[in-house]
$ cat upload.tsv   # TSV, C-alpha atoms and all ligand atoms
chain	number	residue	atom	x	y	z
A	182	MET	CA	90.09	48.14	70.52
A	183	LYS	CA	92.64	49.79	68.23
A	184	ARG	CA	92.56	53.57	68.15
A	185	ILE	CA	94.94	56.01	66.53
A	186	LEU	CA	95.70	59.56	67.51
A	187	SER	CA	98.23	61.66	65.69
A	188	GLY	CA	98.93	65.37	65.49
A	189	ILE	CA	100.58	68.02	63.41
A	190	GLN	CA	101.62	71.56	64.25
A	191	PRO	CA	100.22	74.54	62.34
A	192	THR	CA	103.52	76.40	62.39
A	193	GLY	CA	104.00	77.01	58.67
A	194	HIS	CA	103.52	75.25	55.38
A	195	LEU	CA	103.43	71.47	55.53
A	196	HIS	CA	106.32	69.87	53.72
A	197	LEU	CA	107.22	66.60	52.07
A	198	GLY	CA	108.60	65.22	55.36
A	199	ASN	CA	105.25	65.72	57.09
A	200	HIS	CA	103.53	64.11	54.14
A	201	LEU	CA	105.77	61.05	53.69
A	202	GLY	CA	106.61	60.56	57.36
A	203	ALA	CA	103.09	61.01	58.71
A	204	ILE	CA	100.05	62.10	56.71
A	205	ARG	CA	100.43	59.56	53.93
A	206	ASN	CA	100.56	56.80	56.51
A	207	TRP	CA	97.47	58.21	58.22
A	208	VAL	CA	95.60	57.87	54.93
A	209	ARG	CA	96.66	54.24	54.70
A	210	LEU	CA	95.67	53.43	58.28
A	211	GLN	CA	92.21	54.97	58.21
A	212	ASP	CA	90.56	51.75	57.04
A	213	GLU	CA	92.13	49.60	59.72
A	214	PHE	CA	91.79	51.83	62.81
A	215	GLU	CA	89.43	54.25	64.44
A	216	CYS	CA	91.41	57.48	63.92
A	217	LEU	CA	91.63	60.93	65.46
A	218	PHE	CA	93.80	63.54	63.76
A	219	CYS	CA	94.55	66.74	65.57
A	220	VAL	CA	95.91	70.13	64.45
A	221	VAL	CA	97.93	70.98	67.55
A	222	ASP	CA	97.69	74.76	67.84
A	223	MET	CA	98.47	74.64	71.59
A	224	HIS	CA	101.81	73.05	70.77
A	225	ALA	CA	102.47	75.71	68.14
A	226	ILE	CA	102.39	78.57	70.68
A	227	THR	CA	105.28	77.08	72.66
A	228	VAL	CA	107.24	79.36	70.32
A	229	TRP	CA	105.93	82.74	69.16
A	230	GLN	CA	103.18	82.69	66.52
A	231	GLU	CA	101.55	85.74	64.95
A	232	PRO	CA	97.87	85.25	65.87
A	233	ALA	CA	96.50	85.91	62.37
A	234	GLU	CA	99.06	83.54	60.86
A	235	LEU	CA	98.24	80.86	63.40
A	236	ILE	CA	94.59	80.95	62.35
A	237	ALA	CA	95.51	80.75	58.65
A	238	ASN	CA	98.01	77.94	59.25
A	239	THR	CA	95.52	75.96	61.35
A	240	ARG	CA	93.06	76.00	58.45
A	241	GLU	CA	95.79	75.23	55.92
A	242	VAL	CA	97.00	72.17	57.82
A	243	ALA	CA	93.44	70.87	58.06
A	244	MET	CA	93.08	71.43	54.31
A	245	ALA	CA	96.33	69.58	53.57
A	246	VAL	CA	95.18	66.61	55.65
A	247	LEU	CA	91.83	66.53	53.85
A	248	ALA	CA	93.51	66.99	50.46
A	249	ALA	CA	95.81	64.03	51.16
A	250	GLY	CA	92.73	61.82	51.42
A	251	ILE	CA	91.60	61.73	55.04
A	252	ASP	CA	87.85	61.12	55.12
A	253	PRO	CA	86.39	63.53	57.70
A	254	GLU	CA	83.32	61.40	58.29
A	255	LYS	CA	85.10	58.17	58.98
A	256	ASN	CA	87.84	59.89	61.02
A	257	VAL	CA	87.79	62.67	63.57
A	258	LEU	CA	89.71	65.73	62.35
A	259	PHE	CA	89.84	68.55	64.89
A	260	VAL	CA	91.78	71.41	66.45
A	261	GLN	CA	93.46	70.79	69.80
A	262	SER	CA	92.33	74.02	71.49
A	263	HIS	CA	88.69	73.16	70.73
A	264	VAL	CA	88.83	70.32	73.25
A	265	PRO	CA	89.56	71.51	76.82
A	266	GLY	CA	90.58	68.01	77.93
A	267	HIS	CA	94.03	68.41	76.36
A	268	ALA	CA	94.98	71.22	78.74
A	269	GLN	CA	93.27	69.54	81.69
A	270	LEU	CA	95.11	66.26	81.27
A	271	ALA	CA	98.41	67.97	80.41
A	272	TRP	CA	98.39	69.65	83.83
A	273	ILE	CA	97.95	66.34	85.57
A	274	PHE	CA	100.79	64.89	83.50
A	275	ASN	CA	102.98	67.86	84.47
A	276	CYS	CA	102.58	66.50	87.97
A	277	VAL	CA	103.30	62.89	86.94
A	278	ALA	CA	106.31	63.36	84.65
A	279	ARG	CA	109.67	63.96	86.36
A	280	LEU	CA	111.92	66.90	85.62
A	281	GLY	CA	114.73	64.48	84.81
A	282	TRP	CA	112.63	62.80	82.10
A	283	LEU	CA	111.94	66.09	80.35
A	284	ASN	CA	115.56	67.18	80.73
A	285	ARG	CA	116.52	64.30	78.45
A	286	MET	CA	114.28	65.36	75.55
A	287	THR	CA	116.51	66.06	72.56
A	288	GLN	CA	113.88	68.11	70.72
A	289	PHE	CA	113.76	70.65	73.54
A	290	LYS	CA	117.54	70.92	73.48
A	291	GLU	CA	117.51	71.45	69.70
A	292	LYS	CA	114.69	73.98	69.76
A	293	ALA	CA	115.86	75.93	72.80
A	294	GLY	CA	119.46	75.95	71.56
A	295	LYS	CA	121.76	78.19	73.53
A	296	SER	CA	118.94	80.34	74.89
A	297	ARG	CA	117.51	77.74	77.27
A	298	GLU	CA	116.84	80.37	79.94
A	299	ASN	CA	114.71	82.25	77.44
A	300	ALA	CA	112.67	79.31	76.19
A	301	SER	CA	109.02	79.21	77.24
A	302	VAL	CA	108.02	76.85	80.05
A	303	GLY	CA	105.52	75.47	77.52
A	304	LEU	CA	108.33	74.40	75.19
A	305	PHE	CA	109.91	72.43	78.04
A	306	ALA	CA	106.62	70.82	79.11
A	307	TYR	CA	105.57	70.18	75.49
A	308	PRO	CA	105.97	66.37	75.70
A	309	ASP	CA	103.51	66.22	78.62
A	310	LEU	CA	100.90	67.94	76.44
A	311	MET	CA	101.68	65.49	73.66
A	312	ALA	CA	101.14	62.57	76.04
A	313	ALA	CA	97.84	64.16	77.02
A	314	ASP	CA	96.78	64.45	73.34
A	315	ILE	CA	97.23	60.72	72.95
A	316	LEU	CA	96.02	59.39	76.28
A	317	LEU	CA	92.96	61.67	76.44
A	318	TYR	CA	91.49	59.31	73.83
A	319	LYS	CA	93.15	56.17	75.22
A	320	ALA	CA	94.78	55.78	71.81
A	321	THR	CA	96.70	52.54	71.34
A	322	HIS	CA	98.75	53.42	68.24
A	323	VAL	CA	100.47	56.61	67.10
A	324	PRO	CA	101.75	56.99	63.52
A	325	VAL	CA	104.61	59.52	63.39
A	326	GLY	CA	107.96	60.22	61.79
A	327	GLU	CA	111.18	59.04	63.42
A	328	ASP	CA	111.74	62.41	65.16
A	329	GLN	CA	108.80	61.83	67.53
A	330	LYS	CA	110.02	58.48	68.86
A	331	GLN	CA	111.46	59.86	72.08
A	332	HIS	CA	108.24	61.73	72.85
A	333	LEU	CA	106.28	58.51	72.46
A	334	GLU	CA	108.61	56.70	74.85
A	335	LEU	CA	107.88	59.45	77.36
A	336	THR	CA	104.15	58.99	76.75
A	337	ARG	CA	104.56	55.32	77.64
A	338	ASP	CA	106.49	56.24	80.80
A	339	ILE	CA	103.81	58.72	81.86
A	340	ALA	CA	101.00	56.19	81.30
A	341	GLN	CA	102.91	53.56	83.24
A	342	LYS	CA	103.69	55.85	86.16
A	343	PHE	CA	100.13	57.15	86.35
A	344	ASN	CA	98.77	53.58	86.30
A	345	ASN	CA	101.28	52.48	88.96
A	346	ASP	CA	100.85	55.50	91.23
A	347	PHE	CA	97.08	55.18	91.28
A	348	GLY	CA	96.84	51.39	91.06
A	349	THR	CA	94.79	51.48	87.87
A	350	GLU	CA	94.87	50.31	84.26
A	351	LEU	CA	93.30	53.51	83.05
A	352	PHE	CA	95.82	54.33	80.33
A	353	PRO	CA	97.00	51.99	77.56
A	354	ILE	CA	100.71	51.74	76.75
A	355	VAL	CA	100.86	53.15	73.23
A	356	GLU	CA	102.68	51.64	70.26
A	357	PRO	CA	104.48	53.98	67.86
A	358	LEU	CA	103.86	53.28	64.17
A	359	ILE	CA	106.96	54.45	62.32
A	360	PHE	CA	107.14	52.91	58.85
A	361	GLY	CA	107.85	53.42	55.18
A	362	PRO	CA	111.11	54.36	53.42
A	363	ALA	CA	110.82	58.01	54.47
A	364	THR	CA	110.46	58.10	58.24
A	365	ARG	CA	113.08	60.85	58.34
A	366	VAL	CA	113.16	63.07	55.25
A	367	MET	CA	116.23	65.30	55.30
A	368	SER	CA	116.83	68.87	54.15
A	369	LEU	CA	117.51	69.30	50.44
A	370	ARG	CA	120.40	71.62	51.34
A	371	ASP	CA	122.06	69.37	53.93
A	372	GLY	CA	121.47	65.65	54.08
A	373	THR	CA	122.39	65.52	57.76
A	374	ASN	CA	119.60	67.87	58.89
A	375	LYS	CA	115.92	67.03	59.11
A	376	MET	CA	113.57	68.68	56.60
A	377	SER	CA	111.73	71.14	58.80
A	378	LYS	CA	109.18	73.97	58.73
A	379	SER	CA	111.55	76.10	60.77
A	380	ASP	CA	114.57	75.94	58.43
A	381	PRO	CA	115.17	79.55	57.28
A	382	SER	CA	115.90	78.40	53.71
A	383	ASP	CA	112.79	77.56	51.69
A	384	TYR	CA	115.07	75.62	49.32
A	385	SER	CA	115.64	73.10	52.11
A	386	ARG	CA	112.13	71.69	51.76
A	387	ILE	CA	109.33	70.95	49.32
A	388	ASN	CA	106.14	72.49	50.62
A	389	MET	CA	102.83	70.83	49.91
A	390	THR	CA	101.73	74.14	48.36
A	391	ASP	CA	104.70	74.48	45.93
A	392	ASP	CA	103.81	74.41	42.25
A	393	ALA	CA	105.43	72.14	39.66
A	394	GLU	CA	108.02	74.71	38.60
A	395	LEU	CA	109.17	75.40	42.15
A	396	ILE	CA	109.36	71.69	43.00
A	397	ALA	CA	111.54	71.10	39.92
A	398	LEU	CA	113.76	74.07	40.77
A	399	LYS	CA	114.25	72.96	44.39
A	400	ILE	CA	115.13	69.41	43.34
A	401	ARG	CA	117.54	70.71	40.68
A	402	LYS	CA	119.28	72.84	43.31
A	403	ALA	CA	119.31	70.07	45.93
A	404	LYS	CA	122.76	69.28	47.30
A	405	THR	CA	124.42	66.09	45.98
A	406	ASP	CA	127.88	64.54	46.02
A	407	PRO	CA	130.13	64.15	42.97
A	408	GLU	CA	129.68	60.35	42.64
A	409	LEU	CA	127.17	58.49	40.47
A	410	ILE	CA	123.94	57.04	41.91
A	411	PRO	CA	124.88	53.88	43.88
A	412	ASP	CA	123.62	50.56	42.54
A	413	SER	CA	123.15	48.93	45.96
A	414	VAL	CA	121.87	49.96	49.36
A	415	ASP	CA	125.37	49.40	50.79
A	416	GLY	CA	126.69	52.01	48.37
A	417	ILE	CA	124.45	54.63	49.98
A	418	GLU	CA	126.31	54.46	53.27
A	419	GLY	CA	128.09	57.70	54.14
A	420	ARG	CA	126.26	59.55	51.36
A	421	PRO	CA	123.44	61.37	53.17
A	422	GLU	CA	122.27	63.41	50.17
A	423	ALA	CA	122.04	60.37	47.91
A	424	ALA	CA	120.27	58.46	50.68
A	425	ASN	CA	117.76	61.26	51.08
A	426	LEU	CA	116.90	61.80	47.41
A	427	MET	CA	116.70	58.07	46.73
A	428	GLY	CA	114.60	57.53	49.86
A	429	ILE	CA	112.20	60.24	48.72
A	430	TYR	CA	111.97	58.62	45.29
A	431	ALA	CA	111.32	55.19	46.86
A	432	ALA	CA	108.60	56.59	49.10
A	433	LEU	CA	106.88	58.47	46.28
A	434	ALA	CA	107.11	55.47	43.96
A	435	ASP	CA	105.98	53.10	46.70
A	436	GLN	CA	108.99	50.87	46.17
A	437	GLU	CA	111.83	49.53	48.25
A	438	LEU	CA	115.17	51.33	48.21
A	439	GLU	CA	116.81	48.23	46.66
A	440	ALA	CA	114.58	48.55	43.61
A	441	ILE	CA	115.52	52.23	43.20
A	442	CYS	CA	119.24	51.36	43.39
A	443	ALA	CA	118.73	48.67	40.75
A	444	GLN	CA	116.82	51.06	38.51
A	445	PHE	CA	119.09	54.12	38.73
A	446	GLY	CA	122.51	52.71	39.76
A	447	GLY	CA	125.28	54.36	37.70
A	448	TRP	CA	123.17	57.35	36.62
A	449	GLN	CA	124.30	60.96	36.91
A	450	PHE	CA	122.47	62.88	39.64
A	451	SER	CA	121.21	65.44	37.12
A	452	LYS	CA	119.31	62.79	35.18
A	453	PHE	CA	118.01	61.14	38.34
A	454	LYS	CA	116.83	64.52	39.64
A	455	ALA	CA	114.76	65.07	36.49
A	456	GLU	CA	113.03	61.73	37.12
A	457	LEU	CA	112.54	62.58	40.78
A	458	SER	CA	110.95	65.94	40.06
A	459	ASP	CA	108.56	64.41	37.49
A	460	LEU	CA	107.50	61.84	40.07
A	461	ALA	CA	107.16	64.42	42.85
A	462	VAL	CA	105.04	66.68	40.66
A	463	ALA	CA	102.86	63.75	39.58
A	464	ARG	CA	102.29	62.64	43.18
A	465	LEU	CA	101.97	66.02	44.89
A	466	GLY	CA	100.20	67.97	42.12
A	467	PRO	CA	96.73	66.54	42.80
A	468	ILE	CA	97.11	67.23	46.54
A	469	THR	CA	98.22	70.81	45.91
A	470	SER	CA	95.27	71.50	43.61
A	471	GLU	CA	92.89	70.03	46.18
A	472	ILE	CA	94.41	72.30	48.88
A	473	ASN	CA	93.88	75.28	46.57
A	474	ARG	CA	90.28	74.23	45.92
A	475	LEU	CA	89.62	73.94	49.67
A	476	LYS	CA	91.15	77.39	50.24
A	477	ASP	CA	88.17	78.79	48.36
A	478	ASP	CA	85.81	77.03	50.74
A	479	PRO	CA	86.93	77.88	54.31
A	480	ALA	CA	83.35	77.46	55.56
A	481	TYR	CA	83.46	73.77	54.61
A	482	VAL	CA	86.75	73.27	56.45
A	483	ASP	CA	85.51	75.13	59.54
A	484	GLY	CA	82.41	72.91	59.50
A	485	VAL	CA	84.54	69.75	59.39
A	486	LEU	CA	86.61	71.03	62.32
A	487	ARG	CA	83.54	71.98	64.35
A	488	ASP	CA	82.03	68.55	63.84
A	489	GLY	CA	85.40	66.91	64.64
A	490	ALA	CA	85.71	68.87	67.90
A	491	GLU	CA	82.27	67.77	69.00
A	492	ARG	CA	83.07	64.13	68.36
A	493	ALA	CA	86.48	64.43	70.04
A	494	ARG	CA	84.93	66.08	73.12
A	495	ALA	CA	82.40	63.26	73.39
A	496	ILE	CA	85.27	60.76	73.73
A	497	ALA	CA	87.44	62.99	75.92
A	498	GLU	CA	84.96	64.14	78.56
A	499	PRO	CA	84.31	60.76	80.19
A	500	VAL	CA	88.06	60.09	80.27
A	501	ILE	CA	88.70	63.37	82.08
A	502	GLU	CA	85.96	62.49	84.54
A	503	GLU	CA	87.56	59.10	85.16
A	504	VAL	CA	91.00	60.70	85.61
A	505	TYR	CA	89.68	63.37	87.98
A	506	LYS	CA	88.03	60.73	90.15
A	507	THR	CA	91.19	58.61	90.10
A	508	VAL	CA	93.47	61.42	91.28
A	509	GLY	CA	91.02	62.45	93.99
A	510	PHE	CA	89.52	65.67	92.63
A	511	LEU	CA	86.17	66.41	94.22
A	512	THR	CA	84.02	66.25	91.10
A	513	GLY	CA	80.82	68.23	90.60
A	514	ASN	CA	78.83	65.02	90.88
A	515	GLY	CA	80.23	64.30	94.35
B	1	LIG	P1	105.31	68.07	63.56
B	1	LIG	O1	104.21	69.05	63.38
B	1	LIG	O2	106.71	68.58	63.63
B	1	LIG	O3	105.28	67.02	62.39
B	1	LIG	C1	104.09	66.32	62.05
B	1	LIG	C2	104.42	64.89	61.63
B	1	LIG	O4	105.37	64.91	60.56
B	1	LIG	C3	106.50	64.11	60.89
B	1	LIG	N1	107.70	64.75	60.33
B	1	LIG	C4	108.57	64.13	59.55
B	1	LIG	N2	108.61	62.85	59.09
B	1	LIG	C5	109.65	62.53	58.28
B	1	LIG	N3	110.64	63.41	57.93
B	1	LIG	C6	110.63	64.67	58.38
B	1	LIG	N4	111.57	65.54	58.01
B	1	LIG	C7	109.55	65.09	59.23
B	1	LIG	N5	109.24	66.26	59.84
B	1	LIG	C8	108.09	66.03	60.51
B	1	LIG	C9	106.55	64.13	62.42
B	1	LIG	O5	107.26	63.02	62.92
B	1	LIG	C10	105.08	64.09	62.77
B	1	LIG	O6	104.61	62.77	62.75
B	1	LIG	N6	105.04	66.85	68.41
B	1	LIG	C11	104.48	66.60	67.09
B	1	LIG	C12	103.01	66.91	66.99
B	1	LIG	C13	102.14	66.22	67.99
B	1	LIG	C14	101.77	64.85	67.99
B	1	LIG	C15	100.89	64.70	69.12
B	1	LIG	C16	102.07	63.76	67.17
B	1	LIG	C17	101.54	66.81	69.04
B	1	LIG	N7	100.77	65.91	69.74
B	1	LIG	C18	100.34	63.46	69.41
B	1	LIG	C19	101.52	62.54	67.49
B	1	LIG	C20	100.65	62.38	68.60
B	1	LIG	C21	105.20	67.48	66.09
B	1	LIG	O7	105.79	68.47	66.43
B	1	LIG	O8	105.02	67.12	64.81
$ encode --input "upload.tsv" --output "structure tokens"
Amino acid sequence: MKRILSGIQPTGHLHLGNHLGAIRNWVRLQDEFECLFCVVDMHAITVWQEPAELIANTREVAMAVLAAGIDPEKNVLFVQSHVPGHAQLAWIFNCVARLGWLNRMTQFKEKAGKSRENASVGLFAYPDLMAADILLYKATHVPVGEDQKQHLELTRDIAQKFNNDFGTELFPIVEPLIFGPATRVMSLRDGTNKMSKSDPSDYSRINMTDDAELIALKIRKAKTDPELIPDSVDGIEGRPEAANLMGIYAALADQELEAICAQFGGWQFSKFKAELSDLAVARLGPITSEINRLKDDPAYVDGVLRDGAERARAIAEPVIEEVYKTVGFLTGNG
């Protein structure tokens, strides 16, 4: 059986990186796999969230996923905190994972920065919860952007150690699915930094809710170098801003980077940027209007999430029961 689980944090507006690195691939995989997609609000609170904003962002992320083309009947779309199994399994994984493994997680180091002593324990243990999200459903494949690769390796280590420790085959060893020309979309202000919800500058990212004018403005202001557009992939080397903008174009146009080099090689950036913003507006516009339409119908979205949670719980509960028995918890049924 092939089953997908993937997740996304409701920590702010979704951006082009989330879309090209993850959600767009989810849409393409939904015909081939049984899929669960999760809005991970429990992950979000590993750093401070205003409660009212968290609620609004949770709905908005669900809307963006629906607007991108995820069919809520064929797939299970739900909110993490609606399924108690995530927290239950995460605790067990806190006891399986080793401190040394978590100490190596680069995302924690980046997020905690210099104030490690002040970071929440949840932020440190975050990858255990992520492993629980996946393994609670015995998912076999996880489509993500490049930045989540290390967390998926940890998920594999946790599954392996659990299986070894308890002499079982309970958990599958998951395969990451990282593909497309935009597995790591970079900031529009600095081609060496990831495009991220937490960047203080809104000009660093294109949000899925930006209108055509704002998208065009952000692309016009995007950092570039003084050279012309390279005419071969080799020519992109050492030019992170060119690589980023051309990678975004390739992803939006559904073409290989080579084809984009052939098409635009020798052009001025200003002309290329005009083409890029037309394409971005054409591709993202319909999604943005669908998000706006769904915003007027929160009852529909809440209904989808309620139904999703019920279906997710139905898969998760027997797995928790199996895990509890395996670790030696005295279950209610004796
Ligand atoms: P999050 O919420 O940061 O991002 C959601 C998805 O978007 C991808 N992504 C990007 N892809 C390309 N370029 C970028 N600049 C970019 N920024 C984000 C991420 O790789 C991700 O696929 N820990 C996860 C959420 C999570 C999860 C899970 C994912 C929790 N449990 C279980 C998969 C399975 C995260 O913070 O993603």
$ closest_atom_pairs --input "upload.tsv" --of "chain A" --to "ligand LIG 1 (chain B)" --cutoff "6 Å" --atoms "all atoms listed in the file" --output "tab-separated table"
residue	atom	partner	partner_atom	distance
A:Leu186	CA	B:LIG1	C20	5.8
A:Ser187	CA	B:LIG1	C19	3.9
A:Gly188	CA	B:LIG1	C14	3.8
A:Ile189	CA	B:LIG1	O1	3.8
A:Gln190	CA	B:LIG1	O1	3.7
A:Gly198	CA	B:LIG1	C6	3.7
A:Asn199	CA	B:LIG1	O4	3.6
A:Gly202	CA	B:LIG1	N2	3.5
A:Ala203	CA	B:LIG1	O6	4.7
A:Val221	CA	B:LIG1	C17	5.7
A:Met311	CA	B:LIG1	N7	4.0
A:Asp314	CA	B:LIG1	C18	5.4
A:Ile315	CA	B:LIG1	C18	5.5
A:Val323	CA	B:LIG1	C20	6.0
A:Val325	CA	B:LIG1	O6	3.3
A:Gly326	CA	B:LIG1	O5	3.1
A:Glu327	CA	B:LIG1	O5	5.6
A:Asp328	CA	B:LIG1	O5	5.0
A:Gln329	CA	B:LIG1	O5	5.0
A:Thr364	CA	B:LIG1	C5	4.5
A:Arg365	CA	B:LIG1	N3	3.6
A:Val366	CA	B:LIG1	N3	3.7
A:Met367	CA	B:LIG1	N4	5.4
A:Lys375	CA	B:LIG1	N4	4.7
A:Met376	CA	B:LIG1	N4	4.0
A:Ser377	CA	B:LIG1	N5	5.6
$ atom_distance --input "upload.tsv" --atom1 "atom CA of A:Gly361" --atom2 "atom CA of A:Asn256"
21.8 Å
$ closest_atom_pairs --input "upload.tsv" --of "stretch 438-506 of chain A" --to "stretch 338-356 of chain A" --cutoff "10 Å" --atoms "only C-alpha atoms" --output "tab-separated table"
residue	atom	partner	partner_atom	distance
A:Val500	CA	A:Leu351	CA	8.9
A:Glu503	CA	A:Leu351	CA	8.3
A:Val504	CA	A:Leu351	CA	8.0
$ closest_residue --input "upload.tsv" --among "A:Asn206, A:Ser379, A:Ser458, A:Gln436" --to "A:Ile396" --atoms "all atoms listed in the file"
A:Ser458
$ residues_near_point --input "upload.tsv" --point "(94.1, 72.8, 43.2)" --cutoff "12 Å" --atoms "all atoms listed in the file" --output "list in words"
Met244, Ala245, Ala248, Ala249, Met389, Thr390, Asp391, Asp392, Ala393, Leu465, Gly466, Pro467, Ile468, Thr469, Ser470, Glu471, Ile472, Asn473, Arg474, Leu475, Lys476, Asp477 and Asp478 of chain A
$ closest_residue --input "upload.tsv" --among "A:Ala320, A:Asn238, A:Ile273, A:His224" --to "A:Val302" --atoms "only C-alpha atoms"
A:His224
$ residues_around --input "upload.tsv" --residues "stretch 226-236 of chain A" --least-positions-apart "3" --cutoff "9 Å" --atoms "all atoms listed in the file" --output "PyMOL selection string"
chain A and resi 191-193+222-223+239-241+300-305+307
$ residues_around --input "upload.tsv" --residues "stretch 405-413 of chain A" --least-positions-apart "4" --cutoff "6 Å" --atoms "all atoms listed in the file" --output "PyMOL selection string"
chain A and resi 422+442-443+446-449
$ atom_distance --input "upload.tsv" --atom1 "atom CA of A:Leu358" --atom2 "atom CA of A:His322"
6.5 Å
$ closest_residue --input "upload.tsv" --among "A:Gly513, A:Gly484, A:Pro421, A:Pro499" --to "A:Leu258" --atoms "only C-alpha atoms"
A:Gly484
$ atom_distance --input "upload.tsv" --atom1 "atom CA of A:Gly489" --atom2 "atom CA of A:His194"
22.0 Å
$ closest_residue --input "upload.tsv" --among "A:Lys402, A:Tyr481, A:Leu283, A:Leu369" --to "A:Met427" --atoms "only C-alpha atoms"
A:Leu369
$ closest_residue --input "upload.tsv" --among "A:Phe445, A:Ala363, A:Ser451, A:Gly419" --to "A:Arg401" --atoms "all atoms listed in the file"
A:Ser451
$ closest_residue --input "upload.tsv" --among "A:Lys378, A:Lys290, A:Arg297, A:Lys183" --to "A:Asp212" --atoms "all atoms listed in the file"
A:Lys183
